[in-house]
Amino acid sequence: MSKQTLAPLFKLEENKREPKVINGFYQKDIISVNQFTKDDLAYIFARADEMAEMAQRWGTCDLLKGYTLACVFYEPSTRTSSSFIAAMERLGGKVIPITEGIQYSSVSKGESLIDNMLTLEQYCDVIVLRHPEIGSSASAAKYAHVPIINAGDGAGEHPTQALLDLYTIQSELGKVDGLKISMIGDLRYGRTVHSLTKLLAQYDVSLRFVSPDTLRLPLDLMNDLIDRGINVRETSRVSDVIENADVLYVTRIQKERFTDLLQYEEVKDFFEITPELMTRAKEKMIVMHPLPRVGEIHYKIDRDPRAAYFRQVQNGMFIRMALLAAVLGQA
Ligand code: ASP
């Protein structure tokens, strides 16, 4: 039957996918925090505030109706994957989740990352990617025609986590400038620390780094902070920083990055934030953690109002709602 004789199914005069808002993020890959200026951050945070209010009053909306996200995780995830899925669904979009089952996809047949991206982009408008290799999201973005959002590239970066971390600091303490921020744990392999440190370098902050000697912040990052005039100090004792910290940013030792498990065993019980230790901390300060925790923060601290890590989790969804909408030209 020829096309002319068919009654049309759709009235297609209106292009429902025209961008409504053209901003600096429209159709952009989100690979590193280095892409974000202070103005960009303010924009995303303001949108995240709106998302939080919308979610509270309406639960969901139609802002991203007609859009599909592919969530592709080559490494385990709880919060990043589910918050991107929740973010897309709350905005009325759809998700192709390849989060737990990558071993059941054609990756197990040897399909390359790039072929995987070039395939999935045929079905979706944006891809969120987590992969164990540093630089993997940047390579995927070189080939893919839809925006790639880096959800963690090995020990490299985790930009959306850093955005939600900074948003949490700002909303919990009302400012970023002037704060003393202590980062504790695996500073060598912790990608959330790498991204957050780079973002914080745009502010007037004092940074304290607490880690075992073998897991210190990479030298290039440290030198960059020093070049930018940031007040930095390193120590291996939490007791050196607890009294002055406005933010304790606690991280786990990244077991999966160690090639020698004996080395992991040596540092795995490096520290624990206990209720006793918290009696020495300021009354107005916060404890953060990108999670999962595996013994770094005592469970009793969950009842302390200064424990911000679960509020931090919820902020992740609002930030990812704002980012997805911005990248798709709808916010
Ligand atoms: N969830 C964070 C990440 O994916 C932190 C962690 O795994 O320790 O990097």
# chains A, B, ... in the order shown; residues from 1 in each chain; ligands from 1
>>> residues_near_ligand(ligand="ligand 1", cutoff="9 Å", atoms="only C-alpha atoms and all ligand atoms", output="number ranges by chain")
A: 75-80, 130, 151-155, 157-158, 161, 186, 189-193, 251-254, 289-293
>>> select_by_dssp(residues="range 185-316 of chain A", states="helix (DSSP H, G or I)", output="count of residues only")
52
>>> select_by_dssp(residues="range 80-220 of chain A", states="strand (DSSP E)", output="PyMOL selection string")
chain A and resi 94-98+126-131+148-153+180-184+206-210
>>> write_last_selection(atoms="N, CA and C atoms", output="JSON list (two decimals), in the first residue's frame")
[["chain", "number", "residue", "atom", "x", "y", "z"],
["A", 94, "LYS", "N", 11.84, 7.98, 29.93],
["A", 94, "LYS", "CA", 11.97, 6.52, 30.03],
["A", 94, "LYS", "C", 13.45, 6.14, 30.15],
["A", 95, "VAL", "N", 13.69, 4.92, 30.65],
["A", 95, "VAL", "CA", 15.07, 4.48, 30.88],
["A", 95, "VAL", "C", 15.30, 3.09, 30.29],
["A", 96, "ILE", "N", 16.46, 2.92, 29.65],
["A", 96, "ILE", "CA", 16.95, 1.59, 29.29],
["A", 96, "ILE", "C", 18.02, 1.28, 30.32],
["A", 97, "PRO", "N", 17.73, 0.40, 31.29],
["A", 97, "PRO", "CA", 18.70, 0.18, 32.36],
["A", 97, "PRO", "C", 19.62, -1.00, 32.05],
["A", 98, "ILE", "N", 20.89, -0.73, 31.81],
["A", 98, "ILE", "CA", 21.86, -1.82, 31.68],
["A", 98, "ILE", "C", 22.80, -1.63, 32.85],
["A", 126, "VAL", "N", 20.26, 10.23, 25.52],
["A", 126, "VAL", "CA", 21.40, 10.55, 26.38],
["A", 126, "VAL", "C", 21.85, 9.25, 27.03],
["A", 127, "ILE", "N", 23.17, 9.13, 27.27],
["A", 127, "ILE", "CA", 23.71, 7.91, 27.88],
["A", 127, "ILE", "C", 24.47, 8.28, 29.15],
["A", 128, "VAL", "N", 24.16, 7.57, 30.23],
["A", 128, "VAL", "CA", 24.95, 7.69, 31.46],
["A", 128, "VAL", "C", 25.86, 6.47, 31.51],
["A", 129, "LEU", "N", 27.16, 6.70, 31.65],
["A", 129, "LEU", "CA", 28.12, 5.60, 31.53],
["A", 129, "LEU", "C", 29.04, 5.50, 32.74],
["A", 130, "ARG", "N", 29.12, 4.30, 33.30],
["A", 130, "ARG", "CA", 30.17, 4.01, 34.31],
["A", 130, "ARG", "C", 31.03, 2.87, 33.77],
["A", 131, "HIS", "N", 32.35, 3.07, 33.88],
["A", 131, "HIS", "CA", 33.27, 2.10, 33.28],
["A", 131, "HIS", "C", 34.56, 2.11, 34.11],
["A", 148, "ILE", "N", 27.04, 12.07, 26.46],
["A", 148, "ILE", "CA", 27.49, 11.04, 27.41],
["A", 148, "ILE", "C", 27.69, 11.74, 28.76],
["A", 149, "ILE", "N", 27.13, 11.14, 29.78],
["A", 149, "ILE", "CA", 27.35, 11.66, 31.14],
["A", 149, "ILE", "C", 28.21, 10.65, 31.89],
["A", 150, "ASN", "N", 29.37, 11.11, 32.34],
["A", 150, "ASN", "CA", 30.32, 10.26, 33.06],
["A", 150, "ASN", "C", 29.79, 9.96, 34.47],
["A", 151, "ALA", "N", 29.51, 8.69, 34.73],
["A", 151, "ALA", "CA", 29.03, 8.29, 36.06],
["A", 151, "ALA", "C", 30.13, 7.58, 36.83],
["A", 152, "GLY", "N", 31.38, 7.90, 36.48],
["A", 152, "GLY", "CA", 32.53, 7.28, 37.14],
["A", 152, "GLY", "C", 33.38, 6.54, 36.12],
["A", 153, "ASP", "N", 34.62, 7.04, 35.90],
["A", 153, "ASP", "CA", 35.53, 6.34, 34.98],
["A", 153, "ASP", "C", 36.73, 5.85, 35.80],
["A", 180, "LYS", "N", 36.35, 25.04, 56.13],
["A", 180, "LYS", "CA", 37.48, 24.10, 56.28],
["A", 180, "LYS", "C", 36.94, 22.71, 55.98],
["A", 181, "ILE", "N", 37.44, 22.13, 54.92],
["A", 181, "ILE", "CA", 36.89, 20.85, 54.46],
["A", 181, "ILE", "C", 37.98, 19.78, 54.56],
["A", 182, "SER", "N", 37.64, 18.70, 55.27],
["A", 182, "SER", "CA", 38.61, 17.61, 55.45],
["A", 182, "SER", "C", 38.16, 16.39, 54.67],
["A", 183, "MET", "N", 39.05, 15.90, 53.83],
["A", 183, "MET", "CA", 38.74, 14.70, 53.05],
["A", 183, "MET", "C", 39.53, 13.54, 53.64],
["A", 184, "ILE", "N", 38.82, 12.46, 53.92],
["A", 184, "ILE", "CA", 39.43, 11.37, 54.67],
["A", 184, "ILE", "C", 39.28, 10.04, 53.94],
["A", 206, "SER", "N", 39.76, 25.98, 52.78],
["A", 206, "SER", "CA", 40.98, 25.32, 53.27],
["A", 206, "SER", "C", 40.73, 23.83, 53.20],
["A", 207, "LEU", "N", 41.67, 23.11, 52.59],
["A", 207, "LEU", "CA", 41.47, 21.67, 52.43],
["A", 207, "LEU", "C", 42.47, 20.89, 53.28],
["A", 208, "ARG", "N", 41.96, 19.92, 54.01],
["A", 208, "ARG", "CA", 42.80, 19.02, 54.81],
["A", 208, "ARG", "C", 42.62, 17.62, 54.26],
["A", 209, "PHE", "N", 43.72, 16.92, 54.03],
["A", 209, "PHE", "CA", 43.66, 15.58, 53.45],
["A", 209, "PHE", "C", 44.19, 14.57, 54.45],
["A", 210, "VAL", "N", 43.36, 13.59, 54.78],
["A", 210, "VAL", "CA", 43.74, 12.61, 55.81],
["A", 210, "VAL", "C", 43.72, 11.22, 55.18]]
>>> residues_around(residues="range 219-224 of chain A", least_positions_apart="4", cutoff="8 Å", atoms="only C-alpha atoms", output="count of residues only")
3
>>> residues_around(residues="range 310-312 of chain A", least_positions_apart="4", cutoff="12 Å", atoms="only C-alpha atoms", output="PyMOL selection string")
chain A and resi 52+79-80+83+161-172+249+286-293+301-306+316-319
>>> closest_residue(among="A:Phe36, A:Phe45, A:Tyr123, A:Phe73", to="Ser137 in chain A", atoms="only C-alpha atoms")
A:Phe73
>>> atom_distance(atom1="CA of Val327 in chain A", atom2="CA of Leu69 in chain A")
11.4 Å
>>> atom_distance(atom1="CA of Ala138 in chain A", atom2="CA of Asp39 in chain A")
23.3 Å
>>> closest_residue(among="A:Ser108, A:Val21, A:Ala281, A:Thr235", to="Leu248 in chain A", atoms="only C-alpha atoms")
A:Ala281
>>> residues_around(residues="Glu53 in chain A", least_positions_apart="6", cutoff="12 Å", atoms="only C-alpha atoms", output="PDB file with N, CA, C and O atoms, in the first residue's frame")
ATOM      1  N   ALA A  46      20.336  26.058  41.120  1.00  0.00           N
ATOM      2  CA  ALA A  46      19.017  26.708  41.154  1.00  0.00           C
ATOM      3  C   ALA A  46      17.963  25.791  40.528  1.00  0.00           C
ATOM      4  O   ALA A  46      16.841  25.663  41.024  1.00  0.00           O
ATOM      5  N   ARG A  47      18.336  25.135  39.446  1.00  0.00           N
ATOM      6  CA  ARG A  47      17.401  24.174  38.821  1.00  0.00           C
ATOM      7  C   ARG A  47      17.135  22.992  39.756  1.00  0.00           C
ATOM      8  O   ARG A  47      16.011  22.490  39.831  1.00  0.00           O
ATOM      9  N   GLY A  59       5.603  15.109  42.805  1.00  0.00           N
ATOM     10  CA  GLY A  59       6.176  13.763  42.645  1.00  0.00           C
ATOM     11  C   GLY A  59       6.812  13.585  41.280  1.00  0.00           C
ATOM     12  O   GLY A  59       7.999  13.293  41.160  1.00  0.00           O
ATOM     13  N   THR A  60       6.001  13.780  40.236  1.00  0.00           N
ATOM     14  CA  THR A  60       6.528  13.622  38.869  1.00  0.00           C
ATOM     15  C   THR A  60       5.994  14.742  37.979  1.00  0.00           C
ATOM     16  O   THR A  60       5.048  15.432  38.356  1.00  0.00           O
ATOM     17  N   CYS A  61       6.578  14.875  36.806  1.00  0.00           N
ATOM     18  CA  CYS A  61       6.066  15.842  35.827  1.00  0.00           C
ATOM     19  C   CYS A  61       6.400  15.329  34.433  1.00  0.00           C
ATOM     20  O   CYS A  61       6.943  14.234  34.290  1.00  0.00           O
ATOM     21  N   ASN A 315      19.875  14.562  47.521  1.00  0.00           N
ATOM     22  CA  ASN A 315      20.296  15.677  46.669  1.00  0.00           C
ATOM     23  C   ASN A 315      20.792  15.179  45.316  1.00  0.00           C
ATOM     24  O   ASN A 315      20.674  15.870  44.307  1.00  0.00           O
ATOM     25  N   PHE A 318      18.060  15.201  42.768  1.00  0.00           N
ATOM     26  CA  PHE A 318      17.658  16.534  42.286  1.00  0.00           C
ATOM     27  C   PHE A 318      18.704  17.101  41.313  1.00  0.00           C
ATOM     28  O   PHE A 318      18.357  17.695  40.297  1.00  0.00           O
ATOM     29  N   MET A 321      18.348  15.294  38.058  1.00  0.00           N
ATOM     30  CA  MET A 321      17.161  15.779  37.329  1.00  0.00           C
ATOM     31  C   MET A 321      17.521  17.072  36.607  1.00  0.00           C
ATOM     32  O   MET A 321      17.214  17.244  35.421  1.00  0.00           O
TER      33      MET A 321
END
>>> decode(residues="range 11-23 of chain A", atoms="N, CA and C atoms", output="PDB file, in the first residue's frame")
ATOM      1  N   LYS A  11      -0.261  13.735  14.107  1.00  0.00           N
ATOM      2  CA  LYS A  11      -0.203  15.106  13.579  1.00  0.00           C
ATOM      3  C   LYS A  11       1.175  15.633  13.952  1.00  0.00           C
ATOM      4  N   LEU A  12       2.047  15.666  12.958  1.00  0.00           N
ATOM      5  CA  LEU A  12       3.453  15.914  13.296  1.00  0.00           C
ATOM      6  C   LEU A  12       3.909  17.346  13.050  1.00  0.00           C
ATOM      7  N   GLU A  13       2.943  18.264  12.927  1.00  0.00           N
ATOM      8  CA  GLU A  13       3.352  19.658  12.659  1.00  0.00           C
ATOM      9  C   GLU A  13       4.242  20.183  13.780  1.00  0.00           C
ATOM     10  N   GLU A  14       3.870  19.838  15.011  1.00  0.00           N
ATOM     11  CA  GLU A  14       4.633  20.359  16.155  1.00  0.00           C
ATOM     12  C   GLU A  14       5.821  19.450  16.443  1.00  0.00           C
ATOM     13  N   ASN A  15       7.030  20.051  16.510  1.00  0.00           N
ATOM     14  CA  ASN A  15       8.199  19.263  16.900  1.00  0.00           C
ATOM     15  C   ASN A  15       8.332  19.318  18.419  1.00  0.00           C
ATOM     16  N   LYS A  16       7.915  18.233  19.050  1.00  0.00           N
ATOM     17  CA  LYS A  16       7.872  18.240  20.519  1.00  0.00           C
ATOM     18  C   LYS A  16       9.253  18.166  21.136  1.00  0.00           C
ATOM     19  N   ARG A  17      10.274  17.939  20.323  1.00  0.00           N
ATOM     20  CA  ARG A  17      11.616  17.794  20.879  1.00  0.00           C
ATOM     21  C   ARG A  17      12.511  19.004  20.629  1.00  0.00           C
ATOM     22  N   GLU A  18      11.870  20.092  20.172  1.00  0.00           N
ATOM     23  CA  GLU A  18      12.630  21.346  20.067  1.00  0.00           C
ATOM     24  C   GLU A  18      13.149  21.704  21.455  1.00  0.00           C
ATOM     25  N   PRO A  19      14.406  22.135  21.571  1.00  0.00           N
ATOM     26  CA  PRO A  19      14.848  22.577  22.901  1.00  0.00           C
ATOM     27  C   PRO A  19      14.057  23.804  23.348  1.00  0.00           C
ATOM     28  N   LYS A  20      13.648  23.793  24.623  1.00  0.00           N
ATOM     29  CA  LYS A  20      12.885  24.939  25.148  1.00  0.00           C
ATOM     30  C   LYS A  20      13.849  25.979  25.697  1.00  0.00           C
ATOM     31  N   VAL A  21      14.952  25.484  26.227  1.00  0.00           N
ATOM     32  CA  VAL A  21      15.924  26.379  26.847  1.00  0.00           C
ATOM     33  C   VAL A  21      17.281  26.065  26.229  1.00  0.00           C
ATOM     34  N   ILE A  22      17.897  27.058  25.618  1.00  0.00           N
ATOM     35  CA  ILE A  22      19.243  26.813  25.105  1.00  0.00           C
ATOM     36  C   ILE A  22      20.213  27.366  26.144  1.00  0.00           C
ATOM     37  N   ASN A  23      20.937  26.450  26.762  1.00  0.00           N
ATOM     38  CA  ASN A  23      21.899  26.898  27.764  1.00  0.00           C
ATOM     39  C   ASN A  23      23.238  26.262  27.416  1.00  0.00           C
TER      40      ASN A  23
END
